[in-house]
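> Got a structure for you, model.txt, holding compact mmCIF, C-alpha atoms.
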# COMPACT_ATOMS: atom_id res chain seq x y z
CA MET A 1 23.15 -0.30 -9.17
CA ASN A 2 22.09 -3.69 -10.52
CA TYR A 3 18.56 -4.68 -11.49
CA PHE A 4 17.75 -6.38 -8.18
CA GLU A 5 18.89 -3.41 -6.15
CA PHE A 6 16.80 -1.20 -8.40
CA ILE A 7 13.69 -3.35 -7.91
CA LYS A 8 14.17 -3.36 -4.15
CA ILE A 9 14.02 0.43 -4.06
CA LEU A 10 11.29 0.61 -6.70
CA ASN A 11 8.94 -1.65 -4.72
CA ALA A 12 9.16 0.59 -1.67
CA ASP A 13 9.87 4.04 -3.02
CA PRO A 14 9.16 4.61 -6.71
CA TYR A 15 9.68 8.34 -6.08
CA SER A 16 13.25 7.83 -4.89
CA GLN A 17 15.70 10.56 -5.83
CA ASN A 18 18.70 8.33 -5.15
CA PRO A 19 21.16 9.24 -7.98
CA ALA A 20 22.06 5.59 -8.67
CA PHE A 21 18.35 4.70 -8.88
CA LEU A 22 17.71 7.57 -11.29
CA THR A 23 20.67 6.57 -13.45
CA ALA A 24 19.53 2.95 -13.62
CA LYS A 25 16.04 4.07 -14.54
CA THR A 26 17.37 6.15 -17.44
CA ASN A 27 20.11 3.89 -18.73
CA ASP A 28 18.91 0.33 -18.17
CA LYS A 29 16.02 -0.79 -20.39
CA LYS A 30 14.99 -3.57 -18.01
CA CYS A 31 14.88 -1.11 -15.12
CA LEU A 32 12.93 1.42 -17.19
CA LYS A 33 10.34 -1.24 -18.11
CA ALA A 34 9.94 -2.24 -14.47
CA TYR A 35 9.65 1.42 -13.50
CA LYS A 36 6.88 2.05 -16.03
CA GLU A 37 4.92 -0.97 -14.79
CA ALA A 38 5.33 0.12 -11.18
CA MET A 39 4.15 3.63 -11.99
CA GLU A 40 0.99 2.28 -13.59
CA LYS A 41 0.13 0.59 -10.29
CA GLU A 42 1.16 3.74 -8.49
CA GLN A 43 -1.36 5.77 -10.48
CA THR A 44 -4.12 3.50 -9.15
CA ILE A 45 -2.92 3.97 -5.57
CA LYS A 46 -2.71 7.73 -6.08
CA ALA A 47 -6.19 7.87 -7.58
CA ALA A 48 -7.55 5.71 -4.74
CA LEU A 49 -6.14 7.99 -2.05
CA ASN A 50 -7.28 11.05 -3.94
CA ILE A 51 -10.77 11.13 -2.42
CA PRO A 52 -13.16 14.05 -2.95
CA VAL A 53 -12.57 16.93 -0.53
CA PRO A 54 -15.53 18.92 0.82
CA ALA A 55 -15.07 22.57 -0.10
CA MET A 56 -17.33 23.89 2.66
CA GLU A 57 -14.87 22.83 5.33
CA ILE A 58 -12.58 25.77 4.50
CA GLU A 59 -15.37 28.11 5.60
CA HIS A 60 -15.78 26.17 8.85
CA ILE A 61 -12.06 26.40 9.51
CA LYS A 62 -12.01 30.16 8.88
CA PHE A 63 -15.05 30.62 11.07
CA HIS A 64 -13.47 28.58 13.86
CA GLN A 65 -10.26 30.60 13.62
CA ALA A 66 -12.16 33.91 13.66
CA GLN A 67 -14.00 32.84 16.81
CA TYR A 68 -10.70 32.00 18.48
CA LYS A 69 -9.23 35.39 17.53
CA GLN A 70 -12.14 37.12 19.24
CA THR A 71 -11.78 34.90 22.29
CA ASN A 72 -8.32 36.16 23.09
CA ARG A 73 -9.83 39.44 24.05
CA SER A 74 -12.22 37.88 26.52
CA HIS A 75 -10.55 35.93 29.26
CA ARG A 76 -13.50 36.36 31.59
CA LEU A 77 -16.03 34.71 29.32
CA PHE A 78 -13.66 31.95 28.38
CA ALA A 79 -12.94 31.16 32.01
CA MET A 80 -16.63 31.01 32.81
CA ALA A 81 -17.49 28.72 29.96
CA ALA A 82 -14.50 26.52 30.48
CA SER A 83 -15.21 26.03 34.15
CA VAL A 84 -18.80 25.13 33.45
CA ILE A 85 -17.88 22.58 30.86
CA LEU A 86 -14.87 21.19 32.68
CA LEU A 87 -16.93 20.59 35.77
CA PHE A 88 -19.58 19.04 33.61
CA GLY A 89 -17.03 16.74 32.03
CA ALA A 90 -15.77 15.59 35.39
CA SER A 91 -19.25 14.91 36.70
CA LEU A 92 -20.19 12.90 33.65
CA PHE A 93 -17.19 10.72 34.11
CA VAL A 94 -18.65 9.45 37.34
CA ILE A 95 -21.99 8.56 35.87
CA ASN A 96 -20.79 7.39 32.50
CA ASN A 97 -21.58 3.76 33.18
CA SER A 98 -25.22 4.34 33.98
CA GLN A 99 -26.26 5.68 30.58
CA SER A 100 -29.37 4.21 29.11
CA SER A 101 -29.20 5.10 25.45
CA ASP A 102 -26.65 5.38 22.68
CA LEU A 103 -27.52 9.02 22.22
CA GLU A 104 -26.85 9.87 25.87
CA LYS A 105 -23.63 7.89 25.72
CA PHE A 106 -22.58 9.77 22.62
CA ILE A 107 -23.35 13.15 24.22
CA ASN A 108 -21.23 12.28 27.22
CA GLU A 109 -18.36 11.11 25.07
CA ALA A 110 -18.52 14.14 22.77
CA LEU A 111 -18.36 16.55 25.66
CA LEU A 112 -15.65 14.61 27.43
CA MET A 113 -13.58 14.58 24.24
CA GLU A 114 -13.54 18.36 24.23
CA PRO A 115 -14.49 19.56 27.70
CA ALA A 116 -13.47 23.20 27.27
CA VAL A 117 -14.32 25.46 24.38
CA TYR A 118 -13.34 29.02 23.53
CA MET A 119 -16.21 31.44 23.40
CA SER A 120 -16.09 34.63 21.41
CA GLU A 121 -16.55 37.89 23.29
CA ASN A 122 -19.47 39.03 21.18
CA GLU A 123 -22.41 37.05 19.98
CA ILE A 124 -21.90 35.59 16.53
CA PRO A 125 -23.95 37.45 13.90
CA HIS A 126 -26.86 35.59 12.34
CA GLY A 127 -25.28 36.05 8.89
CA GLU A 128 -22.25 34.04 9.96
CA LEU A 129 -24.27 31.26 11.58
CA ALA A 130 -26.63 30.69 8.65
CA PRO A 131 -24.06 29.20 6.21
CA LEU A 132 -22.77 26.86 8.91
CA PHE A 133 -26.27 25.60 9.59
CA ALA A 134 -26.91 25.33 5.86
CA SER A 135 -23.93 22.97 5.59
CA ILE A 136 -25.78 20.57 7.90
CA ASN A 137 -29.06 20.96 6.01
CA THR A 138 -30.60 23.30 8.53
CA SER A 139 -32.14 26.70 7.98
CA LEU A 140 -32.32 29.39 10.61
CA ASN A 141 -35.83 30.60 11.09
CA GLY A 142 -35.65 33.93 12.92
CA ASP A 143 -33.29 34.80 15.72
CA LEU A 144 -31.39 31.98 17.40
CA GLY A 145 -30.37 34.26 20.25
CA LYS A 146 -26.92 34.88 21.66
CA VAL A 147 -24.59 32.25 20.27
CA HIS A 148 -20.99 32.72 21.47
CA PHE A 149 -19.49 29.53 20.15
CA MET A 150 -20.36 27.24 17.30
CA LYS A 151 -18.50 24.39 15.74
CA ILE A 152 -19.61 21.81 13.20
CA CYS A 153 -18.75 18.44 14.67
CA PRO A 154 -19.42 14.73 14.23
CA THR A 155 -22.48 13.34 16.00
CA LEU A 156 -23.86 9.87 16.40
CA ASN A 157 -25.43 10.10 12.94
CA GLY A 158 -23.67 12.48 10.58
CA GLN A 159 -22.65 16.01 11.34
CA GLY A 160 -24.12 18.41 13.86
CA ALA A 161 -23.11 21.48 15.79
CA ARG A 162 -21.83 22.25 19.22
CA MET A 163 -22.76 25.66 20.56
CA VAL A 164 -22.50 27.81 23.63
CA MET A 165 -25.58 30.01 23.92
CA MET A 166 -26.33 32.65 26.52
CA ASN A 167 -29.62 32.34 28.38
CA ASP A 168 -31.71 35.34 29.43
CA LEU A 169 -29.44 35.84 32.46
CA ASN A 170 -26.30 35.77 30.29
CA GLN A 171 -25.21 32.39 31.60
CA PRO A 172 -23.38 30.17 29.10
CA ILE A 173 -25.32 27.04 28.23
CA THR A 174 -23.91 24.18 26.18
CA VAL A 175 -26.02 22.89 23.29
CA LEU A 176 -25.30 19.94 21.05
CA TYR A 177 -27.46 19.99 17.92
CA MET A 178 -27.87 16.61 16.22
CA PRO A 179 -29.96 16.99 13.06
CA ASN A 180 -29.83 13.30 12.18
CA SER A 181 -30.66 11.88 15.60
CA PRO A 182 -34.40 12.18 16.17
CA VAL A 183 -36.00 11.42 19.53
CA ASP A 184 -39.70 10.74 20.04
CA GLU A 185 -39.99 12.91 23.10
CA ALA A 186 -37.82 14.93 25.48
CA VAL A 187 -35.36 12.87 27.51
CA LYS A 188 -33.97 14.06 30.83
CA MET A 189 -30.36 13.01 31.28
CA GLN A 190 -29.07 11.74 34.59
CA MET A 191 -26.26 13.88 35.84
CA ASP A 192 -24.36 14.60 38.96
CA GLY A 193 -24.44 18.35 39.63
CA PHE A 194 -25.80 19.23 36.20
CA LYS A 195 -29.03 19.01 34.34
CA GLY A 196 -29.25 17.74 30.82
CA LYS A 197 -32.16 17.42 28.48
CA ILE A 198 -32.47 16.08 24.96
CA ILE A 199 -35.29 17.79 23.13
CA ALA A 200 -37.03 16.69 19.95
CA LEU A 201 -36.77 19.18 17.11
CA GLU A 202 -38.50 19.31 13.75
CA GLN A 203 -35.26 17.86 12.40
CA GLY A 204 -33.31 15.67 14.81
CA SER A 205 -32.68 16.67 18.40
CA ALA A 206 -30.60 18.89 20.65
CA ALA A 207 -29.02 18.27 24.03
CA ILE A 208 -29.05 21.21 26.44
CA ILE A 209 -26.62 21.05 29.34
CA ALA A 210 -26.57 23.47 32.26
CA ARG A 211 -26.08 23.74 36.00
CA PRO A 212 -29.22 23.11 38.07
CA HIS A 213 -29.86 26.77 38.87
CA GLU A 214 -29.45 27.91 35.26
CA SER A 215 -32.54 28.54 33.22
CA THR A 216 -32.78 26.77 29.88
CA ALA A 217 -36.46 27.25 29.02
CA GLN A 218 -35.83 30.22 26.73
CA ILE A 219 -33.05 28.38 24.89
CA GLU A 220 -35.28 25.36 24.44
CA THR A 221 -38.02 27.53 22.94
CA THR A 222 -35.56 29.29 20.64
CA LEU A 223 -34.11 26.03 19.37
CA LEU A 224 -37.55 24.62 18.68
CA LYS A 225 -38.58 27.74 16.81
CA SER A 226 -35.38 28.48 14.92
CA LEU A 227 -33.84 25.24 13.68
CA LYS A 228 -35.69 23.92 10.66
CA PRO A 229 -34.85 21.47 7.91
CA ILE A 230 -33.90 23.01 4.58
CA GLN A 231 -36.86 22.46 2.29
CA MET B 232 -4.24 41.46 6.89
CA SER B 233 -1.49 40.69 9.42
CA ILE B 234 1.56 38.52 8.66
CA LYS B 235 0.11 35.88 10.96
CA GLU B 236 -3.14 35.83 9.01
CA ARG B 237 -1.32 35.69 5.70
CA LYS B 238 0.75 32.75 6.92
CA PHE B 239 -2.40 30.99 8.10
CA ASP B 240 -4.25 31.57 4.83
CA ALA B 241 -1.28 30.17 2.93
CA LEU B 242 -1.30 27.06 5.11
CA LEU B 243 -5.01 26.68 4.50
CA GLY B 244 -4.78 27.20 0.75
CA ILE B 245 -1.79 24.94 0.15
CA TYR B 246 -2.31 22.02 2.51
CA TYR B 247 -6.05 21.81 3.18
CA LYS B 248 -6.84 19.14 0.57
CA ASP B 249 -3.84 16.97 1.40
CA LEU B 250 -4.57 17.25 5.12
CA TYR B 251 -8.19 16.30 4.62
CA ARG B 252 -7.24 13.23 2.58
CA PHE B 253 -4.58 12.27 5.11
CA ALA B 254 -7.09 12.70 7.96
CA TYR B 255 -9.70 10.67 6.12
CA TRP B 256 -7.41 7.69 5.62
CA LEU B 257 -6.05 7.97 9.17
CA GLY B 258 -9.47 7.83 10.80
CA LYS B 259 -11.27 6.15 7.89
CA ASP B 260 -14.27 8.32 8.61
CA GLU B 261 -15.49 11.44 6.83
CA HIS B 262 -16.83 13.23 9.92
CA MET B 263 -13.77 12.51 11.96
CA ALA B 264 -11.63 13.82 9.11
CA LYS B 265 -13.54 17.11 9.01
CA ASP B 266 -13.21 17.53 12.75
CA LEU B 267 -9.53 16.61 12.71
CA VAL B 268 -8.72 19.14 10.01
CA GLN B 269 -10.67 21.88 11.84
CA GLU B 270 -8.81 21.16 15.07
CA THR B 271 -5.49 20.96 13.26
CA TYR B 272 -5.93 24.40 11.78
CA LEU B 273 -7.08 25.84 15.10
CA ARG B 274 -3.97 24.46 16.77
CA ALA B 275 -1.87 25.74 13.89
CA TRP B 276 -3.34 29.23 14.32
CA LYS B 277 -2.57 29.20 18.05
CA ALA B 278 1.03 28.11 17.46
CA ILE B 279 1.76 29.80 14.15
CA ASP B 280 4.28 32.20 15.69
CA SER B 281 6.47 29.22 16.51
CA LEU B 282 6.73 28.35 12.81
CA LYS B 283 9.90 30.22 11.86
CA ASP B 284 10.99 28.29 8.78
CA GLU B 285 8.30 28.28 6.12
CA LYS B 286 10.00 25.36 4.37
CA ALA B 287 9.12 23.28 7.41
CA ALA B 288 5.43 24.26 7.25
CA LYS B 289 4.23 21.09 5.57
CA SER B 290 5.80 18.66 8.00
CA TRP B 291 4.83 20.98 10.88
CA ILE B 292 1.12 20.93 10.03
CA PHE B 293 1.05 17.21 9.21
CA THR B 294 2.63 16.56 12.60
CA ILE B 295 -0.07 18.65 14.30
CA LEU B 296 -2.72 16.56 12.57
CA ARG B 297 -1.08 13.27 13.50
CA ARG B 298 -0.84 14.34 17.15
CA GLU B 299 -4.44 15.54 17.19
CA PHE B 300 -5.53 12.22 15.73
CA ALA B 301 -3.55 10.35 18.40
CA ARG B 302 -5.16 12.52 21.09
CA GLN B 303 -8.67 11.87 19.78
CA PHE B 304 -8.00 8.21 19.03
CA GLU B 305 -6.76 7.68 22.59
CA LYS B 306 -10.16 8.80 23.87
CA LYS B 307 -12.38 7.28 21.27
CA LYS B 308 -11.63 4.79 18.52
CA PRO B 309 -13.39 5.72 15.30
CA ILE B 310 -16.11 3.57 13.85
CA ILE B 311 -14.83 2.42 10.49
CA ASN B 312 -17.43 3.13 7.86
CA SER B 313 -17.83 1.18 4.71
CA LEU B 314 -16.78 2.76 1.46
CA ASP B 315 -20.40 2.85 0.41
CA ASP B 316 -20.67 5.93 2.59
CA MET B 317 -18.07 7.77 0.54
CA VAL B 318 -19.41 10.25 -1.91
CA VAL B 319 -18.63 9.08 -5.41
CA ASP B 320 -16.56 11.74 -7.08
CA ILE B 321 -17.97 12.74 -10.42
CA GLU B 322 -14.48 13.77 -11.53
CA ASP B 323 -13.35 10.19 -10.87
CA GLN B 324 -15.96 8.95 -13.27
CA LYS B 325 -14.95 11.47 -15.94
CA GLN B 326 -11.24 10.80 -15.69
CA HIS B 327 -11.14 7.02 -15.49
CA SER B 328 -12.40 4.09 -17.51
CA PRO B 329 -14.79 1.60 -15.83
CA ASP B 330 -11.90 -0.85 -15.35
CA GLU B 331 -9.73 1.80 -13.76
CA LEU B 332 -12.61 2.84 -11.51
CA MET B 333 -13.02 -0.74 -10.39
CA ASP B 334 -9.30 -0.93 -9.54
CA ILE B 335 -9.51 2.36 -7.64
CA ASN B 336 -12.46 1.11 -5.59
CA ILE B 337 -10.73 -2.18 -4.83
CA THR B 338 -7.62 -0.28 -3.73
CA ARG B 339 -9.74 2.01 -1.51
CA GLN B 340 -11.28 -1.04 0.11
CA ALA B 341 -7.82 -2.47 0.69
CA MET B 342 -6.71 0.85 2.21
CA MET B 343 -9.60 0.59 4.66
CA ASN B 344 -8.17 -2.70 5.90
CA LEU B 345 -4.49 -1.80 5.78
CA GLU B 346 -2.84 -1.69 9.20
CA SER B 347 -1.99 1.85 10.23
CA LYS B 348 1.72 1.11 10.59
CA TYR B 349 1.77 0.40 6.84
CA ALA B 350 -0.86 2.89 5.79
CA GLU B 351 0.62 5.92 7.52
CA PRO B 352 4.02 5.97 5.75
CA LEU B 353 2.27 5.31 2.44
CA MET B 354 -0.12 8.23 2.96
CA LEU B 355 2.71 10.52 3.98
CA GLN B 356 4.54 9.55 0.81
CA VAL B 357 1.69 9.59 -1.70
CA ILE B 358 -0.58 12.30 -0.26
CA GLY B 359 2.00 14.39 1.58
CA GLY B 360 4.79 13.99 -0.96
CA PHE B 361 7.36 13.38 1.79
CA SER B 362 10.61 11.56 1.11
CA CYS B 363 11.55 8.42 3.04
CA ASP B 364 13.93 10.39 5.24
CA GLU B 365 11.25 12.96 6.03
CA ILE B 366 8.77 10.20 6.85
CA ALA B 367 11.35 8.58 9.11
CA THR B 368 11.76 11.86 11.00
CA GLN B 369 8.00 12.35 11.31
CA LEU B 370 7.35 8.84 12.56
CA ASP B 371 10.54 8.69 14.59
CA ILE B 372 11.68 5.43 13.02
CA SER B 373 14.69 4.58 10.85
CA PRO B 374 14.62 5.19 7.07
CA SER B 375 15.11 1.45 6.50
CA ALA B 376 12.04 0.72 8.63
CA VAL B 377 10.10 3.21 6.50
CA MET B 378 11.26 1.41 3.35
CA THR B 379 10.12 -1.92 4.79
CA GLN B 380 6.72 -0.55 5.73
CA LEU B 381 6.26 1.08 2.35
CA PHE B 382 7.19 -2.14 0.61
CA ARG B 383 4.68 -4.12 2.69
CA ALA B 384 1.95 -1.53 2.20
CA ARG B 385 2.31 -1.62 -1.58
CA LYS B 386 2.57 -5.41 -1.59
CA GLN B 387 -0.67 -5.77 0.39
CA LEU B 388 -2.53 -3.32 -1.83
CA THR B 389 -1.28 -4.99 -5.00
CA THR B 390 -2.06 -8.49 -3.73
CA HIS B 391 -5.58 -7.41 -2.81
CA LEU B 392 -6.02 -5.72 -6.17
CA ASN B 393 -4.78 -8.77 -8.12
CA ARG B 394 -6.99 -11.12 -6.13
CA GLU B 395 -10.14 -9.00 -6.40
CA SER B 396 -9.56 -8.26 -10.09
CA LYS B 397 -9.37 -11.99 -10.79
CA ILE B 398 -12.61 -12.55 -8.87
CA GLY B 399 -14.17 -9.66 -10.80
CA SER B 400 -13.09 -11.01 -14.18
CA ARG B 401 -14.35 -14.52 -13.34
CA SER B 402 -17.84 -13.38 -12.41
Can you give me the file's structure in the form of structure tokens?


Amino acid sequence: MNYFEFIKILNADPYSQNPAFLTAKTNDKKCLKAYKEAMEKEQTIKAALNIPVPAMEIEHIKFHQAQYKQTNRSHRLFAMAASVILLFGASLFVINNSQSSDLEKFINEALLMEPAVYMSENEIPHGELAPLFASINTSLNGDLGKVHFMKICPTLNGQGARMVMMNDLNQPITVLYMPNSPVDEAVKMQMDGFKGKIIALEQGSAAIIARPHESTAQIETTLLKSLKPIQ
Amino acid sequence: MSIKERKFDALLGIYYKDLYRFAYWLGKDEHMAKDLVQETYLRAWKAIDSLKDEKAAKSWIFTILRREFARQFEKKKPIINSLDDMVVDIEDQKQHSPDELMDINITRQAMMNLESKYAEPLMLQVIGGFSCDEIATQLDISPSAVMTQLFRARKQLTTHLNRESKIGSRS
């Protein structure tokens, strides 16, 4: 391999294991010099791509996986929740153009992106929810009620949580908690076949989505009482 | 702990950091990266029984992430954040001189603007540690096309770095 052939490979693939490339690198001083220079630049690229990795995410992944494991045992609950949310997704699609605010638009998009979620059979223990909320700077004050699904997810401003909570009649209600998206007062969302409400919390807001006959008052009260900023 | 769980934990332990970095540079957004990695691992858990050859695990899970990104990207294009939003890594500051840190930041900025057809092979090579042939298989293009894209990616990053460094040293 001559110098020019060596450089051609070096400029694209400095990690090449091509035997002729490796031989040239070892035996040809000019090639070795070029290799050393290229690897200096490569160290900068490596360091640039080597961004900090949030450690907490491993816990979220394990939590998410554990929820899914539980779900397998509960086809009934999954079917219920999925049908609610799938229908909801479809109905939003129709009214998507008539949204008045960025927040409402975001809520629609977020739920359309992932219309069905897997719910766990049993309610998630408070002890498992608390660290997830802590990761989004929220403390749990008292009992949040029956949460059967929770996932940390992106929101319009930073991270939030998507949940499925059971109301007092054991009906699954979708909640999107957005700790960095405050609203001045409650906003009723326009929906076809569903009711949606964005409520103001001490920290940020939460969207509560349900079918018209489903009661959400108790969930609203619980959210207001339980979700607090970490002091 | 079942074999399935052991396999999953190994995938999480070995590839989590690389996947997160890959996801970050794919979507160029921290929140999207977190979500992508979560979804990737959930999909991996669901399909883990189909992973027969453990040597193929790395390319298998990177492929899941790439597909999940394509699925999400199809529905919603990410908002590209500025690098100012990125948490400055204290380790970076300990390990590098001020000049090196400046070069790293300039390169990160250039990565933000690098077209995905050039950025993706570069990330697979540098973050994933894949060879050109493996990248070609993953991206379903020829090895020579991978070489061309890698060459152009490095050239663009270096050009940007040289230009910005000159501006920096003039001011």

> Could you list, as a short mmCIF file (atom, residue, chain, number, x, y, z; two decimals) with C-alpha atoms, keeping the file's coordinate frame, the residues of chain A having an atom within 9 Å of chain B when counting only C-alpha atoms?


data_model
loop_
_atom_site.label_atom_id
_atom_site.label_comp_id
_atom_site.auth_asym_id
_atom_site.auth_seq_id
_atom_site.Cartn_x
_atom_site.Cartn_y
_atom_site.Cartn_z
CA LYS A 8 14.17 -3.36 -4.15
CA ILE A 9 14.02 0.43 -4.06
CA LEU A 10 11.29 0.61 -6.70
CA ASN A 11 8.94 -1.65 -4.72
CA ALA A 12 9.16 0.59 -1.67
CA ASP A 13 9.87 4.04 -3.02
CA TYR A 15 9.68 8.34 -6.08
CA SER A 16 13.25 7.83 -4.89
CA GLN A 17 15.70 10.56 -5.83
CA LYS A 41 0.13 0.59 -10.29
CA GLU A 42 1.16 3.74 -8.49
CA THR A 44 -4.12 3.50 -9.15
CA ILE A 45 -2.92 3.97 -5.57
CA LYS A 46 -2.71 7.73 -6.08
CA ALA A 47 -6.19 7.87 -7.58
CA ALA A 48 -7.55 5.71 -4.74
CA LEU A 49 -6.14 7.99 -2.05
CA ASN A 50 -7.28 11.05 -3.94
CA ILE A 51 -10.77 11.13 -2.42
CA PRO A 52 -13.16 14.05 -2.95
CA VAL A 53 -12.57 16.93 -0.53
CA PRO A 54 -15.53 18.92 0.82
CA ALA A 55 -15.07 22.57 -0.10
CA GLU A 57 -14.87 22.83 5.33
CA ILE A 58 -12.58 25.77 4.50
CA HIS A 60 -15.78 26.17 8.85
CA ILE A 61 -12.06 26.40 9.51
CA LYS A 62 -12.01 30.16 8.88
CA HIS A 64 -13.47 28.58 13.86
CA GLN A 65 -10.26 30.60 13.62
CA TYR A 68 -10.70 32.00 18.48
CA GLU A 109 -18.36 11.11 25.07
CA LEU A 112 -15.65 14.61 27.43
CA MET A 113 -13.58 14.58 24.24
CA ILE A 152 -19.61 21.81 13.20
CA CYS A 153 -18.75 18.44 14.67
CA PRO A 154 -19.42 14.73 14.23
CA THR A 155 -22.48 13.34 16.00
CA GLY A 158 -23.67 12.48 10.58
CA GLN A 159 -22.65 16.01 11.34
#

> Work out how far atom CA of Ala20 of chain A is from atom CA of Ser290 of chain B, in Å to one decimal.

26.7 Å

> Which of these residues is nearest to Ile198 of chain A, using all atoms listed in the file: A:Met163, A:Met56, A:Leu32, A:Ile107?

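Closest to Ile198 of chain A, using all atoms listed in the file: A:Ile107.
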
> Pick out the residues sitting within 12 Å of Asn157 of chain A, and hand them over as a PyMOL selection string; count only C-alpha atoms, and ignore anything fewer than 5 positions along from it in its own chain.

(chain A and resi 102-103+106-107+136+177-182+204-205) or (chain B and resi 261-263+310+312)

> Can you pull out the residues contacting Leu257 of chain B? Cut-off 9 Å, using all atoms listed in the file, and skip same-chain residues under 6 positions away; I want them as a PyMOL selection string.

chain B and resi 264+297+300+347+350-351+354

> Taking 4 positions as the minimum chain separation for residues in the same chain, which residues sit within 8 Å of segment 171-176 of chain A when counting all atoms listed in the file? Answer as a PyMOL selection string.

chain A and resi 80-81+85+107+160-167+206-210+214+216

> To one decimal in Å, tell me the separation between atom CA of Ala241 of chain B and atom CA of Lys283 of chain B.

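Interatomic distance, atom CA of Ala241 of chain B to atom CA of Lys283 of chain B: 14.3 Å.
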
> To one decimal place, how far is atom CA of Glu299 of chain B from atom CA of Ala254 of chain B in Å?

10.0 Å

> List the spatial neighbours of Lys228 of chain A as an mmCIF file with C-alpha atoms, in the coordinates of the input - criterion: any atom at most 8 Å away, all atoms listed in the file, same-chain residues fewer than 4 positions off excluded.


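Listed below is the output, part.cif:
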data_model
loop_
_atom_site.group_PDB
_atom_site.id
_atom_site.type_symbol
_atom_site.label_atom_id
_atom_site.label_comp_id
_atom_site.auth_asym_id
_atom_site.auth_seq_id
_atom_site.Cartn_x
_atom_site.Cartn_y
_atom_site.Cartn_z
ATOM 1 C CA THR A 138 -30.600 23.300 8.530
ATOM 2 C CA SER A 139 -32.140 26.700 7.980
ATOM 3 C CA LEU A 140 -32.320 29.390 10.610
ATOM 4 C CA ASN A 141 -35.830 30.600 11.090
ATOM 5 C CA GLU A 202 -38.500 19.310 13.750
ATOM 6 C CA GLN A 203 -35.260 17.860 12.400
#
